[in-house]
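One structure is given below, encoded as structure tokens.
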Amino acid sequence: MSETKGVKETKKTSKTVKKTDVEEAVKTVKKTAKAAKENKLAEVMVTADGKKTGAKKTAAKTAVKKAAGETKTEKKTIAKKVVKKSEDKEATKEVKKTAKPKAKTVKKETVKEVKAEEVKAEEVKAEEVKVEETKTEEVYEDLGPRRSIAFIGSECYPFVKTGGLADVMFALPKELAKQNCDVKVILPRYKCIPWEYQEKMEYRGEFYMDLCADGRQFYVGIMEYAADGVVYDFIDNEEFFSAGNPYISMVDDIPKFCLFSKAALSALLYLDWIPDIIHCHDWQAALVPVYLRTLFENTALAGCKSIMTVHNLRFQGIYDIQTIKYWSGLPDYVFNKDALKVNYNDANMLKGGLAYADMITTVSPTYAGEIQTEFYGEGLDAHLRYHSGKLRGIVNGIDCDIWNPATDGRIYENYSVSNAIEKKKANKRALQEELGLNVDDNKFVIGLVSRLTNQKGLDLVNTIVNDMIDGNTQLVVLGTGDPYYEDSFRYYEGAYKGEVCSNIMYDEDRAHRIYAGADAFLVPSLFEPCGLTQLIAMRYGTVPIVRETGGLKDTVEPYNLFEDNGNGFTFDNYDPGLLLDAVNRAKTLYFVYRDSFDAMVKRDMEKDVSWSQSATAYRYLYLELKPE
Ligand code: ADP
């Protein structure tokens, strides 16, 4: 009798929750229906205020599904909600995740209610079965027609990585492949690609290609590798790609990426793989849209649409017109002030790509707005304002398989939301030991993993180190870059032995351990197109302290003392005093209101930082560009 009561009570609570959900759902549906009517769904997701509207759309989707499901059986509702929410294999996990905490609460109450928990577990099992059943019929329900996309860029994890571009080139195609897209990634075959991948590559063919203005011919080989539903084609040419590093100097890099851009298109023709969309990344691939509308305009590729994605506007591929004209073999007319020409005698490869692409995207809605201003525009703000009609911002995600504290083999102790607080302490202790810091649970450990350049706000950090290291705080830096910053962090390590550790190196493994072991994470960038480190930090329950710029602004909700919500601590103007203030606010919460701090740790870990939503936004863009 009382067992049944327990079950009833649980059901009652879930019904109340559902009722509120439905009311909210209906409201959201009404709001978003208007936008949908205007047929601007894809646009809504990615325009300058895309964060809010993107969220609305997802809410609306869930809401529609919730509302629709309410009229059907309860189990079906849950199954549908989960399947549609994640649209992938994570669905079953989701059900477990939401079911577990509920089960825990029940457990605490009475022995009788333990029975209720068992009954609930049975229900959940039944729901899981339903999920499995419904998944196959519904997963592709609203994915739209299949699209084929060629990604062209200069780096891609795990083959070669110098920064966030490599992460995106790996994770986005992988997610798109799950969402009914056929993706081929075209990369240079650098000699520095680890042998474990080189040896698995398959030879797909070779040809000679005209490149320069005088018709010089160059060898192009195609080596192929496939993983996770994505095909990687590597452009082989020893003369250009045999250096130890993908980027050397502009003198070497300009010819190299002229060859790469033209060879990527030629390889598509050679392989007879004509995609719907050619998606180009950063200046190294920026000549692709230009080639497509000039030297390739009478080929099978002429019907392809092109997208130029800017991951960092600072790097543009500028050199004198004569050199770029010679190496690219492009016609004179593209070297005009509306396309490649800048200054008196320079050509800007990115500027050309932006002019010729059918669509421009950048990696966050805020950055899409910022780059149209003089301060952030890197000299191209007027050009971008002119092309603003085809400019969108879509925030990046992270690969949640690689960045997963529950399974990460590189950290000391795995953890999930339920045991994060204890396990993060263990990770902190081990990190302190590994790095020779004073081992103390009570220290507030701040991590910083970054390229050490002035983009990353390191002069602000340098200014406040003396105030920040107050006997209760430790700083762990991992990065390489400008000698000035490398030396200054070495200096602080010497000045604050046991409290500051500067790892002047590139080390993926150590990066994982810092994300897991630190309490807070600094990203005070001068500008930040999207930023991945704050997303990774949140995934590991490490509270970000960021400047409100670019993607940092779009992804880190500032902590609100009065409502006790938010994901991190933020400051607006580029000012060391404001950074110190943000650090101190984080410390206050940590030392004085630990419960609230711990709640934020958990909230951050639960935040969706995956690629799922952003990949969907890209897919909408592909559908919009190439309508059926
Ligand atoms: P950016 O692309 O501007 O360098 P992002 O935040 O987009 O910055 O991406 C940085 C990526 O590089 C993250 O995955 C970060 O963990 C990694 N990273 C940066 N510096 C190092 C380093 N020294 N060692 C290991 N990983 C690093």
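Letters for chains follow the order of the structure tokens (A, B, ...), residue numbers begin at 1 for each chain, and ligand numbers begin at 1 in the order shown.
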
As a PyMOL selection string, please: every residue in range 227-357 of chain A that DSSP puts in helix (DSSP H, G or I).
chain A and resi 238-241+250-271+283-285+287-292+300-303+321-328+332-334+349-356

Would you write out, as a tab-separated table, a table of all residues in range 384-433 of chain A that have an atom no more than 12 Å from an atom of range 470-476 of chain A, listing for each the closest atom pair and the distance in Å to one decimal, considering only C-alpha atoms and ordering rows by chain and rising residue number?
residue	atom	partner	partner_atom	distance
A:Lys428	CA	A:Gln474	CA	10.9
A:Leu431	CA	A:Val476	CA	9.5
A:Gln432	CA	A:Val476	CA	9.2

With N, CA, C and O atoms retained, could you export that selection as a compact mmCIF listing (two decimals), in the first residue's frame?
# COMPACT_ATOMS: atom_id res chain seq x y z
N LYS A 428 43.33 17.78 -7.76
CA LYS A 428 44.10 18.98 -7.39
C LYS A 428 45.37 18.59 -6.65
O LYS A 428 46.46 19.05 -6.95
N LEU A 431 47.84 17.07 -8.96
CA LEU A 431 48.43 18.10 -9.83
C LEU A 431 49.49 18.89 -9.06
O LEU A 431 50.59 19.15 -9.58
N GLN A 432 49.16 19.26 -7.85
CA GLN A 432 50.13 20.00 -7.02
C GLN A 432 51.41 19.18 -6.84
O GLN A 432 52.52 19.72 -6.95

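Residues in contact with Tyr559 in chain A at up to 10 Å, not including ones fewer than 5 positions away on its chain and judged by only C-alpha atoms, are Asp564, Asn565, Gly566, Asn567, Gly568, Phe569, Thr570, Arg585, Ala586, Leu589, Phe597 and Met600 of chain A.
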
Next, the residues of the selection above should be written as a short mmCIF file (atom, residue, chain, number, x, y, z; two decimals), in the first residue's frame with N, CA, C and O atoms.
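Written output follows (part.cif):
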data_model
loop_
_atom_site.label_atom_id
_atom_site.label_comp_id
_atom_site.auth_asym_id
_atom_site.auth_seq_id
_atom_site.Cartn_x
_atom_site.Cartn_y
_atom_site.Cartn_z
N ASP A 564 22.03 33.49 -7.48
CA ASP A 564 22.93 32.36 -7.29
C ASP A 564 22.94 31.44 -8.53
O ASP A 564 22.78 30.23 -8.43
N ASN A 565 23.09 32.06 -9.69
CA ASN A 565 23.23 31.25 -10.91
C ASN A 565 24.35 31.80 -11.79
O ASN A 565 24.99 32.79 -11.44
N GLY A 566 24.57 31.16 -12.92
CA GLY A 566 25.66 31.57 -13.81
C GLY A 566 26.74 30.51 -13.83
O GLY A 566 26.72 29.55 -13.06
N ASN A 567 27.71 30.70 -14.76
CA ASN A 567 28.74 29.67 -14.97
C ASN A 567 30.15 30.11 -14.62
O ASN A 567 31.07 29.30 -14.63
N GLY A 568 30.35 31.43 -14.42
CA GLY A 568 31.72 31.86 -14.17
C GLY A 568 31.75 33.33 -13.79
O GLY A 568 30.71 33.95 -13.52
N PHE A 569 32.97 33.89 -13.79
CA PHE A 569 33.13 35.30 -13.40
C PHE A 569 33.64 36.07 -14.60
O PHE A 569 34.54 35.59 -15.30
N THR A 570 33.06 37.22 -14.83
CA THR A 570 33.40 37.94 -16.06
C THR A 570 33.70 39.40 -15.74
O THR A 570 33.32 39.92 -14.70
N ARG A 585 36.26 38.01 -6.78
CA ARG A 585 34.86 37.56 -6.62
C ARG A 585 34.81 36.03 -6.62
O ARG A 585 34.08 35.43 -5.84
N ALA A 586 35.61 35.44 -7.50
CA ALA A 586 35.66 33.96 -7.53
C ALA A 586 36.19 33.42 -6.21
O ALA A 586 35.66 32.46 -5.65
N LEU A 589 33.62 33.60 -3.38
CA LEU A 589 32.63 32.52 -3.45
C LEU A 589 33.26 31.20 -2.98
O LEU A 589 32.63 30.43 -2.25
N PHE A 597 29.76 27.91 -4.62
CA PHE A 597 30.84 27.61 -5.56
C PHE A 597 30.69 26.19 -6.09
O PHE A 597 30.76 25.95 -7.30
N MET A 600 28.08 25.82 -8.58
CA MET A 600 28.49 26.31 -9.90
C MET A 600 29.34 25.27 -10.63
O MET A 600 29.22 25.08 -11.85
#

Step by step, measure atom-to-atom distances between ligand 1 and each residue using only C-alpha atoms and all ligand atoms, keep those at most 9 Å, then write them as an NGL selection string.
:A and (161-168 or 311-312 or 396 or 398 or 448-452 or 455-456 or 477-481 or 503-512 or 515 or 523 or 528-536)

Tell me which of A:Phe241, A:Tyr491, A:Tyr415, A:Phe170 sits closest to Lys191 in chain A, counting only C-alpha atoms.
A:Phe241

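When DSSP reads the backbone of this structure, the residues of range 321-431 of chain A it assigns to strand (DSSP E) are Lys341, Val342, Asp346, Ala347, Asn348, Met359, Ile360, Thr361, Thr362, Leu391, Arg392 and Gly393 of chain A.
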
Please provide the set of residues having any atom within 10 Å of Ser416 in chain A, restricted to only C-alpha atoms, with same-chain residues fewer than 2 positions apart removed, written as number ranges by chain.
A: 404-407, 414, 418-421, 423-424, 539-541, 602, 605-606

Requested write-out: all heavy atoms of the selected residues, as a short mmCIF file (atom, residue, chain, number, x, y, z; two decimals), in the first residue's frame:
data_model
loop_
_atom_site.label_atom_id
_atom_site.label_comp_id
_atom_site.auth_asym_id
_atom_site.auth_seq_id
_atom_site.Cartn_x
_atom_site.Cartn_y
_atom_site.Cartn_z
N ASN A 404 36.14 14.39 -21.56
CA ASN A 404 35.13 13.81 -20.69
C ASN A 404 35.76 13.36 -19.38
O ASN A 404 36.48 12.36 -19.34
CB ASN A 404 34.48 12.61 -21.41
CG ASN A 404 33.37 12.01 -20.58
OD1 ASN A 404 33.11 12.43 -19.46
ND2 ASN A 404 32.71 11.01 -21.14
N PRO A 405 35.54 14.11 -18.29
CA PRO A 405 36.22 13.76 -17.03
C PRO A 405 35.85 12.37 -16.52
O PRO A 405 36.60 11.80 -15.73
CB PRO A 405 35.74 14.85 -16.06
CG PRO A 405 34.53 15.45 -16.67
CD PRO A 405 34.66 15.28 -18.15
N ALA A 406 34.74 11.82 -16.99
CA ALA A 406 34.33 10.50 -16.52
C ALA A 406 35.16 9.38 -17.15
O ALA A 406 35.27 8.29 -16.59
CB ALA A 406 32.86 10.28 -16.80
N THR A 407 35.74 9.66 -18.32
CA THR A 407 36.48 8.59 -19.01
C THR A 407 37.92 8.98 -19.36
O THR A 407 38.67 8.15 -19.86
CB THR A 407 35.76 8.24 -20.33
OG1 THR A 407 35.61 9.44 -21.10
CG2 THR A 407 34.39 7.62 -20.09
N ASN A 414 38.96 9.82 -12.40
CA ASN A 414 37.79 10.18 -13.20
C ASN A 414 36.65 10.60 -12.29
O ASN A 414 36.57 10.17 -11.15
CB ASN A 414 37.36 8.99 -14.06
CG ASN A 414 38.38 8.72 -15.15
OD1 ASN A 414 39.03 7.69 -15.17
ND2 ASN A 414 38.56 9.68 -16.04
N SER A 418 28.15 13.79 -9.98
CA SER A 418 27.77 13.32 -8.65
C SER A 418 28.94 13.28 -7.66
O SER A 418 28.76 13.50 -6.48
CB SER A 418 27.13 11.94 -8.76
OG SER A 418 28.05 11.07 -9.37
N ASN A 419 30.17 13.04 -8.16
CA ASN A 419 31.28 12.99 -7.20
C ASN A 419 32.37 14.01 -7.52
O ASN A 419 33.51 13.88 -7.07
CB ASN A 419 31.86 11.56 -7.14
CG ASN A 419 32.38 11.11 -8.51
OD1 ASN A 419 32.28 11.85 -9.49
ND2 ASN A 419 32.92 9.91 -8.57
N ALA A 420 32.01 15.03 -8.29
CA ALA A 420 33.01 15.99 -8.77
C ALA A 420 33.74 16.69 -7.63
O ALA A 420 34.97 16.87 -7.70
CB ALA A 420 32.35 17.01 -9.68
N ILE A 421 33.02 17.08 -6.60
CA ILE A 421 33.65 17.92 -5.57
C ILE A 421 34.79 17.15 -4.89
O ILE A 421 35.90 17.67 -4.76
CB ILE A 421 32.58 18.39 -4.54
CG1 ILE A 421 31.42 19.09 -5.27
CG2 ILE A 421 33.20 19.30 -3.49
CD1 ILE A 421 31.79 20.26 -6.16
N LYS A 423 36.33 14.32 -6.01
CA LYS A 423 37.34 13.84 -6.95
C LYS A 423 38.19 14.98 -7.50
O LYS A 423 39.36 14.80 -7.83
CB LYS A 423 36.67 13.08 -8.11
CG LYS A 423 35.98 11.81 -7.68
CD LYS A 423 36.97 10.72 -7.34
CE LYS A 423 36.25 9.47 -6.92
NZ LYS A 423 37.12 8.36 -6.61
N LYS A 424 37.59 16.14 -7.63
CA LYS A 424 38.40 17.27 -8.11
C LYS A 424 39.49 17.60 -7.08
O LYS A 424 40.58 18.01 -7.43
CB LYS A 424 37.52 18.49 -8.42
CG LYS A 424 37.01 18.48 -9.85
CD LYS A 424 36.31 19.74 -10.28
CE LYS A 424 37.25 20.91 -10.53
NZ LYS A 424 38.11 20.74 -11.72
N ARG A 539 33.39 21.92 -18.73
CA ARG A 539 33.11 20.48 -18.82
C ARG A 539 33.79 19.72 -17.67
O ARG A 539 33.32 18.69 -17.23
CB ARG A 539 33.62 19.99 -20.18
CG ARG A 539 33.55 18.50 -20.41
CD ARG A 539 32.31 18.11 -21.16
NE ARG A 539 32.38 16.74 -21.61
CZ ARG A 539 31.44 15.83 -21.35
NH1 ARG A 539 30.37 16.16 -20.68
NH2 ARG A 539 31.56 14.60 -21.78
N TYR A 540 34.93 20.27 -17.20
CA TYR A 540 35.68 19.61 -16.11
C TYR A 540 35.35 20.24 -14.75
O TYR A 540 36.05 20.01 -13.76
CB TYR A 540 37.19 19.68 -16.39
CG TYR A 540 37.63 18.64 -17.40
CD1 TYR A 540 37.25 18.73 -18.73
CD2 TYR A 540 38.39 17.53 -17.02
CE1 TYR A 540 37.62 17.77 -19.66
CE2 TYR A 540 38.76 16.57 -17.94
CZ TYR A 540 38.37 16.69 -19.26
OH TYR A 540 38.73 15.73 -20.18
N GLY A 541 34.30 21.07 -14.71
CA GLY A 541 33.88 21.67 -13.43
C GLY A 541 34.87 22.69 -12.89
O GLY A 541 34.97 22.90 -11.69
N LYS A 602 29.08 22.12 -10.43
CA LYS A 602 28.17 21.10 -10.99
C LYS A 602 27.38 21.66 -12.18
O LYS A 602 27.19 20.99 -13.19
CB LYS A 602 27.20 20.62 -9.91
CG LYS A 602 27.92 19.83 -8.82
CD LYS A 602 26.94 19.35 -7.80
CE LYS A 602 27.67 18.62 -6.68
NZ LYS A 602 26.81 18.34 -5.53
N MET A 605 29.47 21.63 -15.22
CA MET A 605 29.65 20.30 -15.81
C MET A 605 28.41 19.85 -16.58
O MET A 605 28.50 19.06 -17.50
CB MET A 605 29.97 19.28 -14.72
CG MET A 605 31.35 19.48 -14.13
SD MET A 605 31.75 18.23 -12.93
CE MET A 605 32.01 16.81 -13.96
N GLU A 606 27.26 20.37 -16.16
CA GLU A 606 26.02 19.97 -16.83
C GLU A 606 25.69 20.82 -18.04
O GLU A 606 24.80 20.50 -18.81
CB GLU A 606 24.86 20.04 -15.82
CG GLU A 606 24.83 18.81 -14.94
CD GLU A 606 23.91 18.93 -13.76
OE1 GLU A 606 23.54 20.06 -13.37
OE2 GLU A 606 23.56 17.88 -13.20
#

For Ala171 in chain A, work out the shell of residues within 10 Å, counting only C-alpha atoms and skipping chain neighbours fewer than 5 positions away, then give it as a PDB file with N, CA and C atoms, in the first residue's frame.
ATOM      1  N   CYS A 156      44.193  19.745 -38.331  1.00  0.00           N
ATOM      2  CA  CYS A 156      43.081  18.953 -37.822  1.00  0.00           C
ATOM      3  C   CYS A 156      43.613  17.956 -36.791  1.00  0.00           C
ATOM      4  N   TYR A 157      43.029  18.022 -35.616  1.00  0.00           N
ATOM      5  CA  TYR A 157      43.367  17.054 -34.574  1.00  0.00           C
ATOM      6  C   TYR A 157      42.935  15.666 -35.047  1.00  0.00           C
ATOM      7  N   ALA A 166      42.255  23.232 -35.192  1.00  0.00           N
ATOM      8  CA  ALA A 166      42.415  21.776 -35.332  1.00  0.00           C
ATOM      9  C   ALA A 166      41.285  21.037 -34.624  1.00  0.00           C
ATOM     10  N   LEU A 176      28.762  16.336 -37.818  1.00  0.00           N
ATOM     11  CA  LEU A 176      27.931  16.461 -39.024  1.00  0.00           C
ATOM     12  C   LEU A 176      27.653  15.089 -39.640  1.00  0.00           C
ATOM     13  N   ASN A 396      31.380  27.627 -31.375  1.00  0.00           N
ATOM     14  CA  ASN A 396      31.992  26.294 -31.416  1.00  0.00           C
ATOM     15  C   ASN A 396      31.525  25.430 -30.249  1.00  0.00           C
ATOM     16  N   GLY A 397      31.725  24.137 -30.395  1.00  0.00           N
ATOM     17  CA  GLY A 397      31.530  23.222 -29.267  1.00  0.00           C
ATOM     18  C   GLY A 397      32.853  22.514 -29.009  1.00  0.00           C
ATOM     19  N   ILE A 398      32.829  21.519 -28.149  1.00  0.00           N
ATOM     20  CA  ILE A 398      34.031  20.693 -27.961  1.00  0.00           C
ATOM     21  C   ILE A 398      33.652  19.226 -28.166  1.00  0.00           C
ATOM     22  N   ASP A 399      34.637  18.416 -28.427  1.00  0.00           N
ATOM     23  CA  ASP A 399      34.384  16.988 -28.593  1.00  0.00           C
ATOM     24  C   ASP A 399      34.244  16.364 -27.205  1.00  0.00           C
ATOM     25  N   CYS A 400      33.024  16.026 -26.861  1.00  0.00           N
ATOM     26  CA  CYS A 400      32.764  15.546 -25.494  1.00  0.00           C
ATOM     27  C   CYS A 400      33.212  14.109 -25.270  1.00  0.00           C
ATOM     28  N   ASP A 401      33.694  13.420 -26.321  1.00  0.00           N
ATOM     29  CA  ASP A 401      34.295  12.103 -26.097  1.00  0.00           C
ATOM     30  C   ASP A 401      35.732  12.275 -25.617  1.00  0.00           C
ATOM     31  N   ILE A 402      36.423  13.226 -26.254  1.00  0.00           N
ATOM     32  CA  ILE A 402      37.815  13.463 -25.847  1.00  0.00           C
ATOM     33  C   ILE A 402      37.853  14.165 -24.498  1.00  0.00           C
ATOM     34  N   SER A 610      28.641  20.674 -26.082  1.00  0.00           N
ATOM     35  CA  SER A 610      28.949  19.746 -27.172  1.00  0.00           C
ATOM     36  C   SER A 610      28.744  20.436 -28.530  1.00  0.00           C
ATOM     37  N   TRP A 611      29.055  19.707 -29.574  1.00  0.00           N
ATOM     38  CA  TRP A 611      28.899  20.239 -30.928  1.00  0.00           C
ATOM     39  C   TRP A 611      27.475  20.086 -31.457  1.00  0.00           C
ATOM     40  N   ALA A 615      26.484  22.094 -34.714  1.00  0.00           N
ATOM     41  CA  ALA A 615      26.536  21.339 -35.976  1.00  0.00           C
ATOM     42  C   ALA A 615      25.180  21.444 -36.664  1.00  0.00           C
TER      43      ALA A 615
END

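Minimum distance to Glu433 in chain A across A:Tyr590, A:Tyr319, A:Trp403, A:Glu499 (counting only C-alpha atoms) occurs at A:Glu499.
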